[in-house]
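*Asks:* One file is attached below, target-v4.txt, containing compact mmCIF, C-alpha atoms.
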```txt
# COMPACT_ATOMS: atom_id res chain seq x y z
CA MET A 274 -51.54 -33.26 -6.69
CA HIS A 275 -53.42 -31.29 -9.32
CA PHE A 276 -53.64 -28.33 -6.94
CA MET A 277 -49.89 -28.30 -6.32
CA ARG A 278 -49.13 -28.54 -10.03
CA SER A 279 -51.71 -25.96 -11.13
CA HIS A 280 -50.55 -23.19 -8.77
CA CYS A 281 -47.24 -21.45 -9.24
CA CYS A 282 -44.86 -19.98 -6.66
CA TYR A 283 -46.03 -16.47 -7.49
CA ASP A 284 -49.53 -17.42 -6.26
CA ALA A 285 -48.12 -18.18 -2.79
CA ILE A 286 -46.36 -14.81 -2.44
CA PRO A 287 -48.29 -12.56 -0.02
CA THR A 288 -49.66 -9.24 -1.24
CA SER A 289 -47.37 -7.35 1.11
CA CYS A 290 -44.17 -8.64 2.71
CA LYS A 291 -40.72 -7.47 3.76
CA LEU A 292 -37.53 -8.58 2.05
CA VAL A 293 -34.00 -7.65 3.11
CA VAL A 294 -30.95 -8.21 0.87
CA PHE A 295 -27.32 -7.92 2.04
CA ASP A 296 -24.18 -7.32 0.05
CA THR A 297 -21.44 -9.78 1.00
CA SER A 298 -19.13 -6.84 1.73
CA LEU A 299 -21.36 -5.75 4.63
CA GLU A 300 -20.00 -6.19 8.16
CA ILE A 301 -21.46 -9.17 9.98
CA LYS A 302 -22.49 -7.13 13.01
CA LYS A 303 -24.48 -4.65 10.94
CA ALA A 304 -26.16 -7.47 9.02
CA PHE A 305 -27.48 -9.22 12.12
CA VAL A 306 -28.62 -5.95 13.69
CA ALA A 307 -30.52 -5.28 10.45
CA LEU A 308 -32.22 -8.69 10.66
CA VAL A 309 -33.50 -7.81 14.14
CA ALA A 310 -34.53 -4.28 13.16
CA ASN A 311 -36.58 -5.58 10.24
CA GLY A 312 -38.01 -8.58 12.02
CA VAL A 313 -36.77 -11.13 9.48
CA ARG A 314 -34.83 -14.34 10.02
CA ALA A 315 -32.87 -14.62 6.81
CA ALA A 316 -31.66 -12.52 3.90
CA PRO A 317 -30.34 -13.31 0.41
CA LEU A 318 -26.68 -12.41 -0.16
CA TRP A 319 -25.60 -10.36 -3.20
CA ASP A 320 -22.04 -10.52 -4.48
CA SER A 321 -21.18 -7.26 -6.26
CA LYS A 322 -18.13 -8.85 -7.87
CA THR A 323 -20.06 -11.59 -9.64
CA GLN A 324 -23.28 -9.55 -9.85
CA SER A 325 -25.30 -12.47 -8.56
CA PHE A 326 -26.99 -13.90 -5.47
CA VAL A 327 -24.65 -16.36 -3.81
CA GLY A 328 -26.35 -17.56 -0.63
CA MET A 329 -28.43 -16.78 2.46
CA LEU A 330 -27.54 -15.28 5.84
CA THR A 331 -29.59 -16.73 8.69
CA ILE A 332 -29.79 -16.82 12.48
CA THR A 333 -27.93 -20.14 12.31
CA ASP A 334 -24.89 -18.27 10.98
CA PHE A 335 -24.95 -15.94 14.00
CA ILE A 336 -25.16 -18.91 16.37
CA ASN A 337 -22.28 -20.66 14.62
CA ILE A 338 -20.14 -17.51 14.76
CA LEU A 339 -20.72 -17.02 18.50
CA HIS A 340 -20.18 -20.69 19.22
CA ARG A 341 -16.94 -20.74 17.24
CA TYR A 342 -15.28 -17.54 18.45
CA TYR A 343 -16.55 -16.90 22.00
CA ARG A 344 -13.86 -17.16 24.69
CA SER A 345 -14.99 -15.24 27.79
CA PRO A 346 -16.70 -11.97 28.81
CA LEU A 347 -13.23 -10.41 29.03
CA VAL A 348 -12.32 -11.21 25.43
CA GLN A 349 -14.11 -9.29 22.72
CA ILE A 350 -15.37 -11.26 19.72
CA TYR A 351 -13.46 -9.35 17.06
CA GLU A 352 -14.80 -11.66 14.37
CA VAL A 353 -18.28 -10.24 14.91
CA GLU A 354 -17.04 -6.65 15.14
CA GLU A 355 -14.70 -6.69 12.16
CA HIS A 356 -15.48 -9.58 9.81
CA LYS A 357 -17.53 -9.07 6.68
CA ILE A 358 -20.09 -11.56 5.46
CA GLU A 359 -17.77 -12.68 2.67
CA THR A 360 -15.01 -13.36 5.22
CA TRP A 361 -17.29 -15.56 7.31
CA ARG A 362 -18.39 -17.47 4.21
CA GLU A 363 -14.78 -18.16 3.29
CA VAL A 364 -13.95 -19.39 6.80
CA TYR A 365 -17.13 -21.41 7.34
CA LEU A 366 -17.54 -22.91 3.88
CA GLN A 367 -13.79 -23.37 3.39
CA GLY A 368 -14.00 -23.10 -0.36
CA SER A 369 -16.93 -25.50 -0.75
CA PHE A 370 -19.21 -22.87 -2.24
CA LYS A 371 -22.42 -24.20 -3.74
CA PRO A 372 -24.77 -22.32 -6.08
CA LEU A 373 -27.75 -20.69 -4.38
CA VAL A 374 -30.83 -22.89 -4.72
CA SER A 375 -33.68 -20.75 -6.03
CA ILE A 376 -36.86 -21.07 -8.05
CA SER A 377 -38.72 -19.05 -10.67
CA PRO A 378 -42.09 -17.50 -9.77
CA SER A 379 -43.63 -19.39 -12.71
CA ASN A 380 -42.59 -22.80 -11.35
CA SER A 381 -45.29 -24.83 -9.63
CA LEU A 382 -45.66 -25.25 -5.89
CA PHE A 383 -45.02 -28.92 -6.54
CA ASP A 384 -41.56 -27.99 -7.85
CA ALA A 385 -40.97 -25.72 -4.86
CA VAL A 386 -41.83 -28.40 -2.31
CA TYR A 387 -39.72 -30.98 -4.12
CA SER A 388 -36.78 -28.56 -4.24
CA LEU A 389 -37.03 -27.92 -0.49
CA ILE A 390 -36.90 -31.67 0.13
CA LYS A 391 -34.19 -32.50 -2.38
CA HIS A 392 -31.76 -29.84 -1.19
CA LYS A 393 -32.73 -30.12 2.51
CA ILE A 394 -33.22 -26.39 2.92
CA HIS A 395 -35.71 -24.33 4.91
CA ARG A 396 -35.91 -21.26 2.65
CA LEU A 397 -36.25 -21.05 -1.10
CA PRO A 398 -35.67 -17.66 -2.79
CA VAL A 399 -38.13 -16.90 -5.58
CA ILE A 400 -36.06 -15.11 -8.24
CA GLU A 401 -37.48 -13.45 -11.35
CA PRO A 402 -35.37 -14.91 -14.21
CA ILE A 403 -35.32 -11.83 -16.47
CA SER A 404 -34.51 -9.09 -13.95
CA GLY A 405 -32.72 -11.38 -11.49
CA ASN A 406 -34.57 -9.79 -8.57
CA VAL A 407 -35.59 -11.76 -5.48
CA LEU A 408 -39.35 -11.51 -5.05
CA HIS A 409 -39.89 -13.57 -1.92
CA ILE A 410 -38.39 -16.22 0.35
CA LEU A 411 -40.67 -19.25 0.19
CA THR A 412 -40.82 -21.38 3.35
CA HIS A 413 -42.62 -24.50 4.53
CA LYS A 414 -44.85 -22.39 6.74
CA ARG A 415 -45.88 -20.15 3.86
CA ILE A 416 -46.80 -23.13 1.68
CA LEU A 417 -48.78 -24.64 4.56
CA LYS A 418 -50.59 -21.32 4.96
CA PHE A 419 -51.40 -21.27 1.25
CA LEU A 420 -52.73 -24.84 1.40
CA HIS A 421 -54.79 -23.88 4.44
CA ILE A 422 -56.36 -20.88 2.67
CA PHE A 423 -57.58 -23.08 -0.16
CA GLY A 424 -58.22 -26.09 2.06
CA SER A 425 -61.96 -26.11 1.38
CA THR A 426 -61.47 -26.38 -2.38
CA ILE A 427 -59.12 -29.37 -2.50
CA PRO A 428 -59.40 -33.01 -1.38
CA LYS A 429 -58.31 -33.68 2.18
CA PRO A 430 -56.62 -36.92 3.26
CA HIS A 431 -58.44 -39.06 5.80
CA PHE A 432 -55.64 -38.74 8.37
CA LEU A 433 -56.65 -35.13 9.08
CA LYS A 434 -59.69 -36.50 10.94
CA LYS A 435 -57.53 -38.64 13.20
CA THR A 436 -56.14 -37.46 16.52
CA VAL A 437 -52.48 -36.91 17.28
CA GLN A 438 -52.68 -39.88 19.64
CA GLU A 439 -54.16 -42.17 16.97
CA LEU A 440 -51.49 -41.19 14.48
CA CYS A 441 -48.75 -42.01 17.01
CA ILE A 442 -46.98 -38.76 16.22
CA GLY A 443 -44.33 -37.94 18.76
CA THR A 444 -41.30 -39.21 20.58
CA PHE A 445 -40.98 -38.70 24.31
CA ARG A 446 -37.33 -39.46 24.97
CA ASP A 447 -33.91 -37.90 24.55
CA VAL A 448 -35.36 -34.41 24.90
CA ALA A 449 -33.01 -31.46 24.46
CA VAL A 450 -33.48 -29.07 27.40
CA VAL A 451 -31.44 -26.38 29.10
CA PRO A 452 -31.42 -25.46 32.83
CA GLU A 453 -32.40 -21.86 33.54
CA THR A 454 -29.16 -21.43 35.47
CA ALA A 455 -26.99 -22.62 32.59
CA PRO A 456 -25.00 -20.02 30.63
CA VAL A 457 -26.30 -18.95 27.22
CA TYR A 458 -23.20 -20.52 25.68
CA THR A 459 -24.49 -23.93 26.82
CA ALA A 460 -27.71 -23.28 24.89
CA LEU A 461 -25.65 -22.37 21.81
CA GLU A 462 -23.73 -25.63 22.12
CA ILE A 463 -26.99 -27.56 22.15
CA PHE A 464 -28.31 -25.62 19.16
CA VAL A 465 -25.17 -26.51 17.21
CA ASP A 466 -24.77 -30.10 18.37
CA ARG A 467 -28.42 -31.15 18.33
CA ARG A 468 -29.54 -28.84 15.51
CA VAL A 469 -32.72 -27.96 17.42
CA SER A 470 -34.87 -24.89 16.83
CA ALA A 471 -35.56 -24.14 20.50
CA LEU A 472 -35.13 -25.50 24.01
CA PRO A 473 -37.45 -26.00 26.99
CA VAL A 474 -35.95 -24.10 29.92
CA ILE A 475 -36.27 -26.07 33.16
CA ASN A 476 -35.76 -25.17 36.82
CA ASP A 477 -34.11 -27.27 39.52
CA ALA A 478 -37.33 -29.26 39.98
CA GLY A 479 -37.38 -30.23 36.29
CA GLN A 480 -40.38 -28.03 35.53
CA VAL A 481 -40.59 -26.11 32.28
CA VAL A 482 -40.39 -22.39 33.05
CA GLY A 483 -39.80 -20.98 29.57
CA LEU A 484 -38.60 -21.50 26.02
CA TYR A 485 -35.31 -20.32 24.57
CA SER A 486 -35.30 -20.34 20.78
CA ARG A 487 -32.82 -19.63 18.01
CA PHE A 488 -34.66 -16.37 17.37
CA ASP A 489 -33.89 -15.27 20.94
CA VAL A 490 -30.17 -15.58 20.14
CA ILE A 491 -30.33 -12.95 17.38
CA HIS A 492 -31.46 -10.37 19.96
CA LEU A 493 -28.00 -10.59 21.51
CA ALA A 494 -26.82 -8.61 18.48
CA ALA A 495 -29.38 -5.85 18.96
CA GLN A 496 -28.71 -5.65 22.69
CA LYS A 497 -24.94 -5.89 22.15
CA THR A 498 -24.73 -8.55 24.86
CA TYR A 499 -23.12 -11.28 22.75
CA ASN A 500 -19.76 -10.62 24.43
CA ASN A 501 -21.16 -12.06 27.67
CA LEU A 502 -22.45 -15.52 26.90
CA ASP A 503 -21.74 -16.54 30.48
CA MET A 504 -24.99 -14.93 31.63
CA SER A 505 -27.71 -17.40 32.52
CA VAL A 506 -30.53 -18.41 30.24
CA ARG A 507 -32.91 -17.07 32.88
CA GLU A 508 -31.34 -13.61 32.57
CA ALA A 509 -31.40 -13.81 28.76
CA LEU A 510 -35.13 -14.51 28.85
CA ARG A 511 -35.66 -11.52 31.13
CA GLN A 512 -33.91 -9.30 28.61
CA ARG A 513 -36.27 -10.24 25.79
CA THR A 514 -37.35 -7.18 23.87
CA VAL A 515 -40.56 -8.94 22.83
CA CYS A 516 -42.83 -10.34 25.52
CA LEU A 517 -44.65 -13.55 24.59
CA GLU A 518 -48.29 -13.52 25.65
CA GLY A 519 -48.62 -17.09 26.80
CA VAL A 520 -48.13 -20.26 24.79
CA LEU A 521 -50.64 -21.77 22.39
CA THR A 522 -51.69 -25.28 23.39
CA CYS A 523 -53.55 -28.33 22.12
CA TYR A 524 -54.41 -31.81 23.39
CA PRO A 525 -53.65 -35.33 22.13
CA HIS A 526 -57.36 -36.03 21.54
CA GLU A 527 -57.70 -33.14 19.08
CA THR A 528 -57.71 -33.93 15.37
CA MET A 529 -54.88 -33.10 13.03
CA GLU A 530 -57.20 -30.83 11.07
CA ASP A 531 -57.97 -28.73 14.15
CA ILE A 532 -54.31 -28.49 15.10
CA ILE A 533 -53.15 -27.53 11.60
CA ASP A 534 -55.97 -24.98 11.47
CA ARG A 535 -54.76 -23.43 14.74
CA ILE A 536 -51.13 -23.33 13.62
CA ALA A 537 -52.05 -21.66 10.32
CA LYS A 538 -54.41 -19.11 11.86
CA GLU A 539 -52.09 -18.15 14.71
CA GLN A 540 -49.05 -18.13 12.35
CA VAL A 541 -46.86 -20.09 14.72
CA SER A 542 -44.51 -22.97 14.05
CA MET A 543 -45.70 -25.28 16.80
CA LEU A 544 -48.00 -25.83 19.76
CA LEU A 545 -47.45 -26.84 23.37
CA THR A 546 -49.44 -30.06 23.83
CA LEU A 547 -50.86 -31.08 27.20
CA SER A 548 -52.08 -34.52 28.21
CA LEU A 549 -55.14 -34.87 30.40
CA ARG A 550 -52.71 -35.36 33.30
CA ARG A 551 -51.15 -32.01 32.38
CA SER A 552 -47.90 -33.61 31.28
CA VAL A 553 -46.19 -31.41 28.76
CA PHE A 554 -44.94 -32.24 25.29
CA LEU A 555 -44.71 -30.28 22.09
CA HIS A 556 -45.77 -30.59 18.50
CA SER A 557 -44.67 -28.63 15.45
CA HIS A 558 -45.96 -28.55 11.91
CA PRO A 559 -43.17 -30.74 10.45
CA PRO A 560 -44.47 -34.02 11.92
CA PHE A 561 -48.03 -32.97 11.18
CA LEU A 562 -47.03 -32.64 7.54
CA SER A 563 -45.24 -35.94 7.30
CA THR A 564 -48.13 -38.13 6.20
CA SER A 565 -49.32 -38.63 2.66
CA GLY A 566 -53.02 -39.11 3.33
CA ARG A 567 -53.05 -42.34 1.30
CA ARG A 568 -51.97 -44.59 4.13
CA ARG A 569 -51.42 -44.39 7.88
CA PRO A 570 -47.94 -43.08 8.74
CA PRO A 571 -45.62 -45.36 10.70
CA PRO A 572 -45.45 -44.67 14.46
CA LEU A 573 -42.53 -42.52 15.59
CA HIS A 574 -41.51 -44.45 18.71
CA ALA A 575 -44.34 -43.11 20.87
CA CYS A 576 -43.80 -43.71 24.57
CA PRO A 577 -46.29 -43.57 27.48
CA LEU A 578 -46.70 -40.26 29.23
CA PRO A 579 -45.62 -40.07 32.87
CA ALA A 580 -48.48 -40.80 35.26
CA THR A 581 -47.40 -38.60 38.14
CA GLY A 582 -45.04 -35.83 39.10
CA SER A 583 -44.27 -32.40 37.75
CA PRO A 584 -44.99 -31.56 34.12
CA THR A 585 -42.21 -33.23 32.18
CA PRO A 586 -40.86 -31.69 28.99
CA CYS A 587 -41.22 -34.10 26.10
CA HIS A 588 -41.46 -33.52 22.42
CA LEU A 589 -41.05 -34.88 18.94
CA LEU A 590 -37.85 -36.48 17.80
CA LEU A 591 -37.25 -35.08 14.36
CA GLY A 592 -34.53 -36.58 12.22
CA PRO A 593 -33.51 -36.26 8.59
CA PRO A 594 -35.53 -38.37 6.16
CA ALA A 595 -33.87 -41.64 5.23
CA SER A 596 -34.24 -40.66 1.61
CA THR A 597 -35.87 -38.01 -0.52
CA PRO A 598 -39.42 -39.09 -1.30
CA ALA A 599 -39.91 -39.75 -4.98
CA LYS A 600 -42.22 -37.55 -6.97
CA PRO A 601 -45.60 -39.28 -7.19
CA ALA A 602 -47.14 -39.89 -10.54
CA PRO A 603 -49.64 -37.32 -11.89
CA GLY A 604 -53.02 -37.72 -10.26
CA ASP A 605 -51.64 -39.65 -7.31
CA GLY A 606 -53.60 -38.14 -4.44
CA GLY A 607 -54.91 -34.65 -3.67
CA GLY A 608 -53.12 -31.39 -3.00
CA TRP A 609 -53.13 -31.85 0.77
CA GLY A 610 -51.86 -35.41 0.42
CA TRP A 611 -48.44 -35.21 -1.20
CA GLY A 612 -48.07 -31.51 -0.38
CA LEU A 613 -48.16 -32.18 3.35
CA ALA A 614 -46.12 -35.35 3.03
CA ALA A 615 -43.38 -33.62 1.09
CA LEU A 616 -43.20 -30.64 3.43
CA GLY A 617 -42.98 -32.89 6.46
CA ALA A 618 -40.30 -35.08 4.94
CA HIS A 619 -37.94 -32.13 4.67
CA VAL A 620 -38.70 -30.10 7.76
CA GLY A 621 -37.81 -33.14 9.83
CA THR A 622 -34.14 -32.55 9.03
CA ALA A 623 -33.86 -30.28 12.05
CA GLY A 624 -32.52 -33.18 14.10
CA PRO A 625 -33.26 -34.96 17.38
CA GLY A 626 -35.17 -33.05 20.01
CA CYS A 627 -36.30 -30.17 17.79
CA CYS A 628 -39.61 -28.35 17.90
CA LEU A 629 -39.95 -25.40 20.21
CA SER A 630 -39.68 -22.27 18.10
CA LEU A 631 -42.70 -20.11 18.71
CA GLY A 632 -41.78 -17.43 16.18
CA THR A 633 -44.13 -16.41 13.44
```
Mind converting the file's structure to structure tokens?

*Replies:*
Amino acid sequence: MHFMRSHCCYDAIPTSCKLVVFDTSLEIKKAFVALVANGVRAAPLWDSKTQSFVGMLTITDFINILHRYYRSPLVQIYEVEEHKIETWREVYLQGSFKPLVSISPSNSLFDAVYSLIKHKIHRLPVIEPISGNVLHILTHKRILKFLHIFGSTIPKPHFLKKTVQELCIGTFRDVAVVPETAPVYTALEIFVDRRVSALPVINDAGQVVGLYSRFDVIHLAAQKTYNNLDMSVREALRQRTVCLEGVLTCYPHETMEDIIDRIAKEQVSMLLTLSLRRSVFLHSHPPFLSTSGRRRPPPLHACPLPATGSPTPCHLLLGPPASTPAKPAPGDGGGWGWGLAALGAHVGTAGPGCCLSLGT
């Protein structure tokens, strides 16, 4: 706890990073193409009329736009071609505009983590209060990376020495998947309805043959193929502009410390986990971060792995926390303890069947 309170948000900002800011008068199409071109997943929105930052534009917005306005390959999505960001915000938010949640660089990491949990957000803009400039977009992954860098200097909870199997982390039912022959629009429907970050792509035999993530959807803007969402997921994967060099894996008998170390070093969001029988399931950092270190976390409905047959896609069932965890009293546990617990409590809001994004 002392570590989280004694380090400010500015400390967690990398020495060099890329930040893209959009004016709300910018056309939606140009904004999403710019996200792809700059390799970022979100951008703060600046309103020239109010001279202030009013929100964030993310890949989720692009998915919602396509899901809402797509008709058929023969009907152009004029909303993407002609709408401005401010128009989309008016349609989507329907007047329920909320102030942008941000934080000062001088605020502690404790405050940042608590803000992420309280407001159930994935990205927290760090805004300099005097100039009003955005310095960085703080995320759960960045805070985890910062904790990992200083991991040897702060107390570690005992649960890091336990295995994934011992901690009963994982749910192996109600998995969100998409057939490789299904149209991309079906994947978008699942993203919207299940609020998942990515989907295992399965063939007719039920075997996992790939992963289709939210980040893959944004490439439809760069390739100008979003007017044909009837193409199969298999074809969409073939058109990837970035080729993934395999998938990082781990095993249930590995310790949480080893797995977190691998996630932080490889700068990925999750790992493909294999049982000794080669059954497939997946783990992401949210569930890894959902324990306080002061007591064993409750089991998350773990189910037995299949004994025979083809590798079966299974993964963690992530749901919103029942309530926002209360701030612990000063001195209650080490930096890893509440820091990881708090991060995990929020990231779990992604919804049932979420955890496949392999983006950095």

*Asks:* Taking all atoms listed in the file into account, name the residue in A:Ile491, A:Ala285, A:Val399, A:Met504 that is nearest to Val306 in chain A.

*Replies:*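 Looking only at the distances to Val306 in chain A, the closest residue turns out to be A:Ile491.
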
*Asks:* Contacts between range 307-315 of chain A and range 450-540 of chain A, please, where a residue of range 450-540 of chain A counts if it comes within 10 Å (with all atoms listed in the file); show its shortest atom pair and distance in Å to one decimal, rows by chain and ascending number, as JSON lines.

*Replies:*
```
{"residue": "A:Arg487", "atom": "CA", "partner": "A:Arg314", "partner_atom": "CA", "distance": 9.8}
{"residue": "A:Phe488", "atom": "CA", "partner": "A:Arg314", "partner_atom": "CA", "distance": 7.6}
{"residue": "A:Ile491", "atom": "CA", "partner": "A:Val309", "partner_atom": "CA", "distance": 6.9}
{"residue": "A:His492", "atom": "CA", "partner": "A:Val309", "partner_atom": "CA", "distance": 6.7}
{"residue": "A:Leu493", "atom": "CA", "partner": "A:Val309", "partner_atom": "CA", "distance": 9.6}
{"residue": "A:Ala494", "atom": "CA", "partner": "A:Val309", "partner_atom": "CA", "distance": 8.0}
{"residue": "A:Ala495", "atom": "CA", "partner": "A:Val309", "partner_atom": "CA", "distance": 6.6}
```

*Asks:* Provide the CA of Ala471 in chain A to CA of Lys434 in chain A distance in Å, to one decimal place.

*Replies:*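 Here the two named atoms are 28.7 Å from each other.
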
*Asks:* Quick one, how far is CA of Leu299 in chain A from CA of Tyr365 in chain A?

*Replies:* 16.4 Å

*Asks:* With distances taken over only C-alpha atoms, which residue among A:Ile336, A:Leu330, A:Leu433, A:Val374 lies nearest Asp489 in chain A?

*Replies:* A:Ile336

*Asks:* Got a sec: who's within 10 Å of Lys418 in chain A, counting all atoms listed in the file, leaving out chain neighbours fewer than 6 positions off, as a list in words?

*Replies:*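 Counting only the stated atoms, we get Ala285, Thr412, Gly424, Ile533, Asp534, Ile536, Ala537, Lys538 and Gln540 of chain A.
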
*Asks:* Which value, in Å to one decimal, gives the distance between CA of Thr323 in chain A and CA of Ala385 in chain A?

*Replies:*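 Interatomic distance, CA of Thr323 in chain A to CA of Ala385 in chain A: 25.7 Å.
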